[in-house]
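What follows is my_file07.pdb (PDB, N, CA and C atoms, pLDDT in the B column).
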ATOM      1  N   MET D  10     -23.802  43.291-250.052  1.00 34.00           N
ATOM      2  CA  MET D  10     -24.621  44.137-250.917  1.00 34.00           C
ATOM      3  C   MET D  10     -26.022  44.210-250.317  1.00 34.00           C
ATOM      4  N   SER D  11     -26.511  45.407-250.117  1.00 39.00           N
ATOM      5  CA  SER D  11     -27.850  45.568-249.559  1.00 39.00           C
ATOM      6  C   SER D  11     -28.898  45.435-250.654  1.00 39.00           C
ATOM      7  N   VAL D  12     -30.121  45.162-250.243  1.00 42.00           N
ATOM      8  CA  VAL D  12     -31.213  44.987-251.195  1.00 42.00           C
ATOM      9  C   VAL D  12     -31.466  46.272-251.977  1.00 42.00           C
ATOM     10  N   SER D  13     -31.250  47.416-251.334  1.00 64.00           N
ATOM     11  CA  SER D  13     -31.531  48.676-252.013  1.00 64.00           C
ATOM     12  C   SER D  13     -30.461  49.048-253.032  1.00 64.00           C
ATOM     13  N   GLN D  14     -29.326  48.369-253.017  1.00 89.00           N
ATOM     14  CA  GLN D  14     -28.253  48.659-253.955  1.00 89.00           C
ATOM     15  C   GLN D  14     -28.591  48.070-255.330  1.00 89.00           C
ATOM     16  N   VAL D  15     -28.454  48.878-256.358  1.00 91.00           N
ATOM     17  CA  VAL D  15     -28.760  48.447-257.722  1.00 91.00           C
ATOM     18  C   VAL D  15     -27.649  47.529-258.227  1.00 91.00           C
ATOM     19  N   THR D  16     -28.025  46.420-258.824  1.00 92.00           N
ATOM     20  CA  THR D  16     -27.041  45.454-259.315  1.00 92.00           C
ATOM     21  C   THR D  16     -26.678  45.655-260.780  1.00 92.00           C
ATOM     22  N   LEU D  17     -27.311  46.612-261.444  1.00 93.00           N
ATOM     23  CA  LEU D  17     -27.027  46.883-262.847  1.00 93.00           C
ATOM     24  C   LEU D  17     -25.988  47.991-262.958  1.00 93.00           C
ATOM     25  N   ASN D  18     -25.110  47.887-263.946  1.00 91.00           N
ATOM     26  CA  ASN D  18     -24.097  48.929-264.122  1.00 91.00           C
ATOM     27  C   ASN D  18     -24.564  49.976-265.136  1.00 91.00           C
ATOM     28  N   ALA D  19     -23.795  51.025-265.267  1.00 90.00           N
ATOM     29  CA  ALA D  19     -24.161  52.142-266.144  1.00 90.00           C
ATOM     30  C   ALA D  19     -24.285  51.698-267.598  1.00 90.00           C
ATOM     31  N   ASN D  20     -23.460  50.753-268.031  1.00 92.00           N
ATOM     32  CA  ASN D  20     -23.539  50.270-269.416  1.00 92.00           C
ATOM     33  C   ASN D  20     -24.895  49.630-269.698  1.00 92.00           C
ATOM     34  N   THR D  21     -25.400  48.873-268.753  1.00 94.00           N
ATOM     35  CA  THR D  21     -26.713  48.248-268.933  1.00 94.00           C
ATOM     36  C   THR D  21     -27.808  49.300-268.904  1.00 94.00           C
ATOM     37  N   LEU D  22     -27.724  50.223-267.961  1.00 94.00           N
ATOM     38  CA  LEU D  22     -28.757  51.246-267.829  1.00 94.00           C
ATOM     39  C   LEU D  22     -28.855  52.133-269.064  1.00 94.00           C
ATOM     40  N   THR D  23     -27.742  52.396-269.725  1.00 94.00           N
ATOM     41  CA  THR D  23     -27.767  53.257-270.906  1.00 94.00           C
ATOM     42  C   THR D  23     -28.209  52.529-272.171  1.00 94.00           C
ATOM     43  N   ASN D  24     -28.175  51.210-272.151  1.00 96.00           N
ATOM     44  CA  ASN D  24     -28.528  50.410-273.325  1.00 96.00           C
ATOM     45  C   ASN D  24     -30.005  50.006-273.239  1.00 96.00           C
ATOM     46  N   THR D  25     -30.874  50.811-273.817  1.00 95.00           N
ATOM     47  CA  THR D  25     -32.311  50.522-273.723  1.00 95.00           C
ATOM     48  C   THR D  25     -32.722  49.284-274.520  1.00 95.00           C
ATOM     49  N   LYS D  26     -31.784  48.700-275.254  1.00 97.00           N
ATOM     50  CA  LYS D  26     -32.063  47.445-275.958  1.00 97.00           C
ATOM     51  C   LYS D  26     -31.567  46.235-275.165  1.00 97.00           C
ATOM     52  N   ALA D  27     -31.071  46.481-273.958  1.00 97.00           N
ATOM     53  CA  ALA D  27     -30.570  45.398-273.107  1.00 97.00           C
ATOM     54  C   ALA D  27     -31.705  44.446-272.747  1.00 97.00           C
ATOM     55  N   VAL D  28     -31.345  43.213-272.462  1.00 97.00           N
ATOM     56  CA  VAL D  28     -32.334  42.187-272.139  1.00 97.00           C
ATOM     57  C   VAL D  28     -33.149  42.564-270.904  1.00 97.00           C
ATOM     58  N   GLU D  29     -32.563  43.307-269.972  1.00 97.00           N
ATOM     59  CA  GLU D  29     -33.288  43.713-268.770  1.00 97.00           C
ATOM     60  C   GLU D  29     -34.467  44.624-269.106  1.00 97.00           C
ATOM     61  N   TYR D  30     -34.245  45.556-270.019  1.00 98.00           N
ATOM     62  CA  TYR D  30     -35.337  46.422-270.464  1.00 98.00           C
ATOM     63  C   TYR D  30     -36.358  45.628-271.286  1.00 98.00           C
ATOM     64  N   GLN D  31     -35.874  44.722-272.112  1.00 98.00           N
ATOM     65  CA  GLN D  31     -36.774  43.903-272.922  1.00 98.00           C
ATOM     66  C   GLN D  31     -37.675  43.061-272.029  1.00 98.00           C
ATOM     67  N   TRP D  32     -37.136  42.545-270.950  1.00 98.00           N
ATOM     68  CA  TRP D  32     -37.915  41.748-270.003  1.00 98.00           C
ATOM     69  C   TRP D  32     -39.065  42.577-269.419  1.00 98.00           C
ATOM     70  N   VAL D  33     -38.777  43.835-269.073  1.00 98.00           N
ATOM     71  CA  VAL D  33     -39.817  44.718-268.543  1.00 98.00           C
ATOM     72  C   VAL D  33     -40.896  44.958-269.598  1.00 98.00           C
ATOM     73  N   ARG D  34     -40.483  45.192-270.838  1.00 98.00           N
ATOM     74  CA  ARG D  34     -41.462  45.391-271.915  1.00 98.00           C
ATOM     75  C   ARG D  34     -42.333  44.144-272.104  1.00 98.00           C
ATOM     76  N   THR D  35     -41.735  42.965-271.955  1.00 98.00           N
ATOM     77  CA  THR D  35     -42.484  41.716-272.067  1.00 98.00           C
ATOM     78  C   THR D  35     -43.518  41.600-270.952  1.00 98.00           C
ATOM     79  N   LEU D  36     -43.115  41.934-269.723  1.00 98.00           N
ATOM     80  CA  LEU D  36     -44.078  41.906-268.613  1.00 98.00           C
ATOM     81  C   LEU D  36     -45.253  42.829-268.893  1.00 98.00           C
ATOM     82  N   TYR D  37     -44.962  44.003-269.430  1.00 98.00           N
ATOM     83  CA  TYR D  37     -46.010  44.979-269.743  1.00 98.00           C
ATOM     84  C   TYR D  37     -46.975  44.421-270.791  1.00 98.00           C
ATOM     85  N   VAL D  38     -46.419  43.861-271.853  1.00 98.00           N
ATOM     86  CA  VAL D  38     -47.239  43.305-272.937  1.00 98.00           C
ATOM     87  C   VAL D  38     -48.082  42.135-272.432  1.00 98.00           C
ATOM     88  N   GLU D  39     -47.544  41.379-271.482  1.00 98.00           N
ATOM     89  CA  GLU D  39     -48.281  40.243-270.929  1.00 98.00           C
ATOM     90  C   GLU D  39     -49.370  40.675-269.949  1.00 98.00           C
ATOM     91  N   GLY D  40     -49.476  41.970-269.672  1.00 98.00           N
ATOM     92  CA  GLY D  40     -50.576  42.463-268.863  1.00 98.00           C
ATOM     93  C   GLY D  40     -50.285  42.708-267.402  1.00 98.00           C
ATOM     94  N   TYR D  41     -49.030  42.642-266.994  1.00 98.00           N
ATOM     95  CA  TYR D  41     -48.696  42.925-265.604  1.00 98.00           C
ATOM     96  C   TYR D  41     -48.951  44.401-265.302  1.00 98.00           C
ATOM     97  N   GLN D  42     -49.423  44.681-264.099  1.00 98.00           N
ATOM     98  CA  GLN D  42     -49.673  46.053-263.660  1.00 98.00           C
ATOM     99  C   GLN D  42     -48.346  46.731-263.287  1.00 98.00           C
ATOM    100  N   ASP D  43     -48.348  48.058-263.308  1.00 98.00           N
ATOM    101  CA  ASP D  43     -47.124  48.825-263.007  1.00 98.00           C
ATOM    102  C   ASP D  43     -46.508  48.415-261.675  1.00 98.00           C
ATOM    103  N   GLN D  44     -47.341  48.256-260.645  1.00 98.00           N
ATOM    104  CA  GLN D  44     -46.829  47.919-259.309  1.00 98.00           C
ATOM    105  C   GLN D  44     -46.181  46.536-259.296  1.00 98.00           C
ATOM    106  N   GLU D  45     -46.747  45.611-260.052  1.00 98.00           N
ATOM    107  CA  GLU D  45     -46.166  44.270-260.136  1.00 98.00           C
ATOM    108  C   GLU D  45     -44.814  44.312-260.838  1.00 98.00           C
ATOM    109  N   ILE D  46     -44.747  45.052-261.932  1.00 98.00           N
ATOM    110  CA  ILE D  46     -43.488  45.173-262.672  1.00 98.00           C
ATOM    111  C   ILE D  46     -42.425  45.818-261.784  1.00 98.00           C
ATOM    112  N   ASN D  47     -42.796  46.885-261.089  1.00 98.00           N
ATOM    113  CA  ASN D  47     -41.851  47.555-260.193  1.00 98.00           C
ATOM    114  C   ASN D  47     -41.352  46.591-259.117  1.00 98.00           C
ATOM    115  N   HIS D  48     -42.242  45.783-258.581  1.00 98.00           N
ATOM    116  CA  HIS D  48     -41.849  44.798-257.564  1.00 98.00           C
ATOM    117  C   HIS D  48     -40.792  43.839-258.130  1.00 98.00           C
ATOM    118  N   TYR D  49     -41.029  43.328-259.327  1.00 98.00           N
ATOM    119  CA  TYR D  49     -40.078  42.401-259.941  1.00 98.00           C
ATOM    120  C   TYR D  49     -38.746  43.072-260.246  1.00 98.00           C
ATOM    121  N   ILE D  50     -38.783  44.329-260.665  1.00 98.00           N
ATOM    122  CA  ILE D  50     -37.535  45.060-260.928  1.00 98.00           C
ATOM    123  C   ILE D  50     -36.722  45.150-259.644  1.00 98.00           C
ATOM    124  N   GLN D  51     -37.377  45.532-258.555  1.00 96.00           N
ATOM    125  CA  GLN D  51     -36.673  45.637-257.273  1.00 96.00           C
ATOM    126  C   GLN D  51     -36.145  44.279-256.817  1.00 96.00           C
ATOM    127  N   ALA D  52     -36.935  43.227-256.980  1.00 96.00           N
ATOM    128  CA  ALA D  52     -36.526  41.895-256.547  1.00 96.00           C
ATOM    129  C   ALA D  52     -35.320  41.389-257.341  1.00 96.00           C
ATOM    130  N   CYS D  53     -35.279  41.709-258.622  1.00 96.00           N
ATOM    131  CA  CYS D  53     -34.211  41.192-259.487  1.00 96.00           C
ATOM    132  C   CYS D  53     -32.977  42.089-259.551  1.00 96.00           C
ATOM    133  N   PHE D  54     -33.181  43.407-259.549  1.00 96.00           N
ATOM    134  CA  PHE D  54     -32.072  44.325-259.785  1.00 96.00           C
ATOM    135  C   PHE D  54     -31.746  45.220-258.600  1.00 96.00           C
ATOM    136  N   GLY D  55     -32.506  45.122-257.514  1.00 94.00           N
ATOM    137  CA  GLY D  55     -32.276  45.978-256.356  1.00 94.00           C
ATOM    138  C   GLY D  55     -32.876  47.353-256.582  1.00 94.00           C
ATOM    139  N   GLY D  56     -32.411  48.308-255.798  1.00 94.00           N
ATOM    140  CA  GLY D  56     -32.917  49.661-255.912  1.00 94.00           C
ATOM    141  C   GLY D  56     -34.170  49.871-255.086  1.00 94.00           C
ATOM    142  N   ASP D  57     -34.597  51.104-255.031  1.00 95.00           N
ATOM    143  CA  ASP D  57     -35.791  51.446-254.269  1.00 95.00           C
ATOM    144  C   ASP D  57     -36.985  51.594-255.210  1.00 95.00           C
ATOM    145  N   ALA D  58     -38.109  52.017-254.648  1.00 96.00           N
ATOM    146  CA  ALA D  58     -39.341  52.135-255.434  1.00 96.00           C
ATOM    147  C   ALA D  58     -39.202  53.150-256.560  1.00 96.00           C
ATOM    148  N   THR D  59     -38.486  54.239-256.309  1.00 96.00           N
ATOM    149  CA  THR D  59     -38.302  55.261-257.345  1.00 96.00           C
ATOM    150  C   THR D  59     -37.451  54.727-258.485  1.00 96.00           C
ATOM    151  N   PHE D  60     -36.375  54.014-258.146  1.00 96.00           N
ATOM    152  CA  PHE D  60     -35.539  53.411-259.187  1.00 96.00           C
ATOM    153  C   PHE D  60     -36.366  52.463-260.053  1.00 96.00           C
ATOM    154  N   ALA D  61     -37.151  51.600-259.409  1.00 97.00           N
ATOM    155  CA  ALA D  61     -37.958  50.628-260.152  1.00 97.00           C
ATOM    156  C   ALA D  61     -38.948  51.335-261.072  1.00 97.00           C
ATOM    157  N   ASP D  62     -39.576  52.381-260.565  1.00 98.00           N
ATOM    158  CA  ASP D  62     -40.545  53.119-261.372  1.00 98.00           C
ATOM    159  C   ASP D  62     -39.872  53.782-262.571  1.00 98.00           C
ATOM    160  N   LEU D  63     -38.715  54.395-262.345  1.00 97.00           N
ATOM    161  CA  LEU D  63     -37.990  55.039-263.443  1.00 97.00           C
ATOM    162  C   LEU D  63     -37.506  54.000-264.456  1.00 97.00           C
ATOM    163  N   PHE D  64     -37.003  52.876-263.972  1.00 98.00           N
ATOM    164  CA  PHE D  64     -36.515  51.829-264.870  1.00 98.00           C
ATOM    165  C   PHE D  64     -37.647  51.340-265.770  1.00 98.00           C
ATOM    166  N   ARG D  65     -38.817  51.101-265.178  1.00 98.00           N
ATOM    167  CA  ARG D  65     -39.982  50.662-265.958  1.00 98.00           C
ATOM    168  C   ARG D  65     -40.370  51.711-266.986  1.00 98.00           C
ATOM    169  N   LYS D  66     -40.381  52.963-266.581  1.00 98.00           N
ATOM    170  CA  LYS D  66     -40.766  54.038-267.504  1.00 98.00           C
ATOM    171  C   LYS D  66     -39.761  54.186-268.640  1.00 98.00           C
ATOM    172  N   VAL D  67     -38.486  54.014-268.364  1.00 98.00           N
ATOM    173  CA  VAL D  67     -37.476  54.073-269.427  1.00 98.00           C
ATOM    174  C   VAL D  67     -37.698  52.907-270.394  1.00 98.00           C
ATOM    175  N   ALA D  68     -37.932  51.720-269.862  1.00 98.00           N
ATOM    176  CA  ALA D  68     -38.166  50.550-270.715  1.00 98.00           C
ATOM    177  C   ALA D  68     -39.364  50.759-271.637  1.00 98.00           C
ATOM    178  N   LEU D  69     -40.372  51.470-271.137  1.00 98.00           N
ATOM    179  CA  LEU D  69     -41.589  51.690-271.917  1.00 98.00           C
ATOM    180  C   LEU D  69     -41.580  53.019-272.663  1.00 98.00           C
ATOM    181  N   SER D  70     -40.415  53.665-272.735  1.00 97.00           N
ATOM    182  CA  SER D  70     -40.237  54.947-273.433  1.00 97.00           C
ATOM    183  C   SER D  70     -41.144  56.046-272.878  1.00 97.00           C
ATOM    184  N   GLN D  71     -41.355  56.013-271.574  1.00 98.00           N
ATOM    185  CA  GLN D  71     -42.161  57.034-270.917  1.00 98.00           C
ATOM    186  C   GLN D  71     -41.302  58.034-270.144  1.00 98.00           C
ATOM    187  N   GLU D  72     -39.994  57.770-270.084  1.00 97.00           N
ATOM    188  CA  GLU D  72     -39.068  58.633-269.357  1.00 97.00           C
ATOM    189  C   GLU D  72     -37.704  58.556-270.027  1.00 97.00           C
ATOM    190  N   SER D  73     -36.939  59.609-269.894  1.00 95.00           N
ATOM    191  CA  SER D  73     -35.593  59.660-270.459  1.00 95.00           C
ATOM    192  C   SER D  73     -34.634  58.797-269.644  1.00 95.00           C
ATOM    193  N   VAL D  74     -33.766  58.097-270.336  1.00 95.00           N
ATOM    194  CA  VAL D  74     -32.757  57.291-269.648  1.00 95.00           C
ATOM    195  C   VAL D  74     -31.850  58.190-268.802  1.00 95.00           C
ATOM    196  N   TYR D  75     -31.665  59.437-269.198  1.00 93.00           N
ATOM    197  CA  TYR D  75     -30.817  60.345-268.437  1.00 93.00           C
ATOM    198  C   TYR D  75     -31.382  60.592-267.039  1.00 93.00           C
ATOM    199  N   VAL D  76     -32.705  60.670-266.918  1.00 94.00           N
ATOM    200  CA  VAL D  76     -33.329  60.867-265.599  1.00 94.00           C
ATOM    201  C   VAL D  76     -33.011  59.665-264.710  1.00 94.00           C
ATOM    202  N   LEU D  77     -33.084  58.466-265.264  1.00 95.00           N
ATOM    203  CA  LEU D  77     -32.731  57.257-264.509  1.00 95.00           C
ATOM    204  C   LEU D  77     -31.262  57.278-264.112  1.00 95.00           C
ATOM    205  N   LEU D  78     -30.396  57.646-265.040  1.00 92.00           N
ATOM    206  CA  LEU D  78     -28.965  57.693-264.741  1.00 92.00           C
ATOM    207  C   LEU D  78     -28.660  58.711-263.646  1.00 92.00           C
ATOM    208  N   ARG D  79     -29.311  59.863-263.707  1.00 91.00           N
ATOM    209  CA  ARG D  79     -29.122  60.869-262.659  1.00 91.00           C
ATOM    210  C   ARG D  79     -29.560  60.333-261.309  1.00 91.00           C
ATOM    211  N   TYR D  80     -30.712  59.667-261.273  1.00 92.00           N
ATOM    212  CA  TYR D  80     -31.214  59.127-260.013  1.00 92.00           C
ATOM    213  C   TYR D  80     -30.272  58.049-259.464  1.00 92.00           C
ATOM    214  N   ALA D  81     -29.755  57.217-260.355  1.00 89.00           N
ATOM    215  CA  ALA D  81     -28.870  56.131-259.937  1.00 89.00           C
ATOM    216  C   ALA D  81     -27.459  56.611-259.622  1.00 89.00           C
ATOM    217  N   GLY D  82     -27.182  57.885-259.906  1.00 86.00           N
ATOM    218  CA  GLY D  82     -25.872  58.450-259.599  1.00 86.00           C
ATOM    219  C   GLY D  82     -24.797  58.095-260.601  1.00 86.00           C
ATOM    220  N   CYS D  83     -25.196  57.709-261.816  1.00 82.00           N
ATOM    221  CA  CYS D  83     -24.185  57.353-262.804  1.00 82.00           C
ATOM    222  C   CYS D  83     -24.344  58.136-264.106  1.00 82.00           C
ATOM    223  N   ALA D  84     -24.993  59.289-264.031  1.00 71.00           N
ATOM    224  CA  ALA D  84     -25.046  60.173-265.191  1.00 71.00           C
ATOM    225  C   ALA D  84     -23.674  60.814-265.367  1.00 71.00           C
ATOM    226  N   PRO D  85     -23.310  61.170-266.592  1.00 71.00           N
ATOM    227  CA  PRO D  85     -21.994  61.795-266.821  1.00 71.00           C
ATOM    228  C   PRO D  85     -21.743  62.999-265.924  1.00 71.00           C
ATOM    229  N   SER D  86     -22.757  63.788-265.624  1.00 67.00           N
ATOM    230  CA  SER D  86     -22.561  64.963-264.783  1.00 67.00           C
ATOM    231  C   SER D  86     -22.344  64.602-263.309  1.00 67.00           C
ATOM    232  N   ASN D  87     -22.604  63.343-262.916  1.00 56.00           N
ATOM    233  CA  ASN D  87     -22.403  62.913-261.539  1.00 56.00           C
ATOM    234  C   ASN D  87     -21.000  62.346-261.308  1.00 56.00           C
ATOM    235  N   ARG D  88     -20.294  62.078-262.369  1.00 53.00           N
ATOM    236  CA  ARG D  88     -18.979  61.455-262.244  1.00 53.00           C
ATOM    237  C   ARG D  88     -17.905  62.483-262.003  1.00 53.00           C
ATOM    238  N   GLU D  89     -16.958  62.102-261.171  1.00 50.00           N
ATOM    239  CA  GLU D  89     -15.818  62.980-260.912  1.00 50.00           C
ATOM    240  C   GLU D  89     -14.766  62.750-261.980  1.00 50.00           C
ATOM    241  N   PHE D  90     -14.086  63.818-262.342  1.00 42.00           N
ATOM    242  CA  PHE D  90     -13.028  63.695-263.354  1.00 42.00           C
ATOM    243  C   PHE D  90     -11.681  63.636-262.698  1.00 42.00           C
TER     244      PHE D  90
END

Let me see the structure of the file written as structure tokens.
Amino acid sequence: MSVSQVTLNANTLTNTKAVEYQWVRTLYVEGYQDQEINHYIQACFGGDATFADLFRKVALSQESVYVLLRYAGCAPSNREF
């Protein structure tokens, strides 16, 4: 598994109440800067800088989870039937 590969599955990404999102919200409340939070997201869950930024924004209700799912390639419209 490469570092850029995301370790979270679609079920976790769609559940904005998941502990992973809660952890990001906690970092934000504790005063961490956006770049620091993004770094930790990448270190813990993989993905690139864009994934980390979108994940943080979804956790903080600044972006739609669908945009994150599309970027990660696991939105319903990205799946083959």

- Task: Take the PyMOL selection byres ((chain D and resi 54-66) around 7), apply it to the structure above, and return the hits as an MDAnalysis selection string.
- Result: chainID D and resid 11:17 33 46:53 67:73 76:77

- Message: For a test of reading the model, state the distance in Å between atom C of Arg79 (chain D) and atom N of Thr25 (chain D), rounded to one decimal.
- Response: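 Computed distance, atom C of Arg79 (chain D) to atom N of Thr25 (chain D), equals 15.8 Å.
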
- Tell me which protein, DNA and RNA residues are within 8 Å of Thr23 (chain D), counting all atoms listed in the file, leaving out same-chain ones fewer than 3 positions away, and put them as a count of residues only. 8

- Message: For the alpha helix (DSSP H) assignment from backbone DSSP, which residues of region 16-72 of chain D qualify? Please present them as JSON, numbers by chain.
- Response: {"D": [19, 20, 21, 22, 23, 28, 29, 30, 31, 32, 33, 34, 35, 36, 37, 38, 43, 44, 45, 46, 47, 48, 49, 50, 51, 52, 53, 54, 58, 59, 60, 61, 62, 63, 64, 65, 66, 67, 68]}

- Query: CA of Arg34 (chain D) to atom N of Cys83 (chain D): how many Å, to one decimal?
  - Reply: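 According to the coordinates, CA of Arg34 (chain D) and atom N of Cys83 (chain D) are separated by 22.8 Å.
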
- What separation in Å, quoted to one decimal, exists between CA of Gln31 (chain D) and CA of Glu45 (chain D)? 15.9 Å

Return the padded bounding box of region 32-45 of chain D as JSON: axis-aligned, built from all atoms listed in the file, 4 Å added on each side, with centre and edge lengths in Å to one decimal.
{"center_x": -43.9, "center_y": 44.5, "center_z": -266.1, "size_x": 21.4, "size_y": 16.6, "size_z": 21.6}
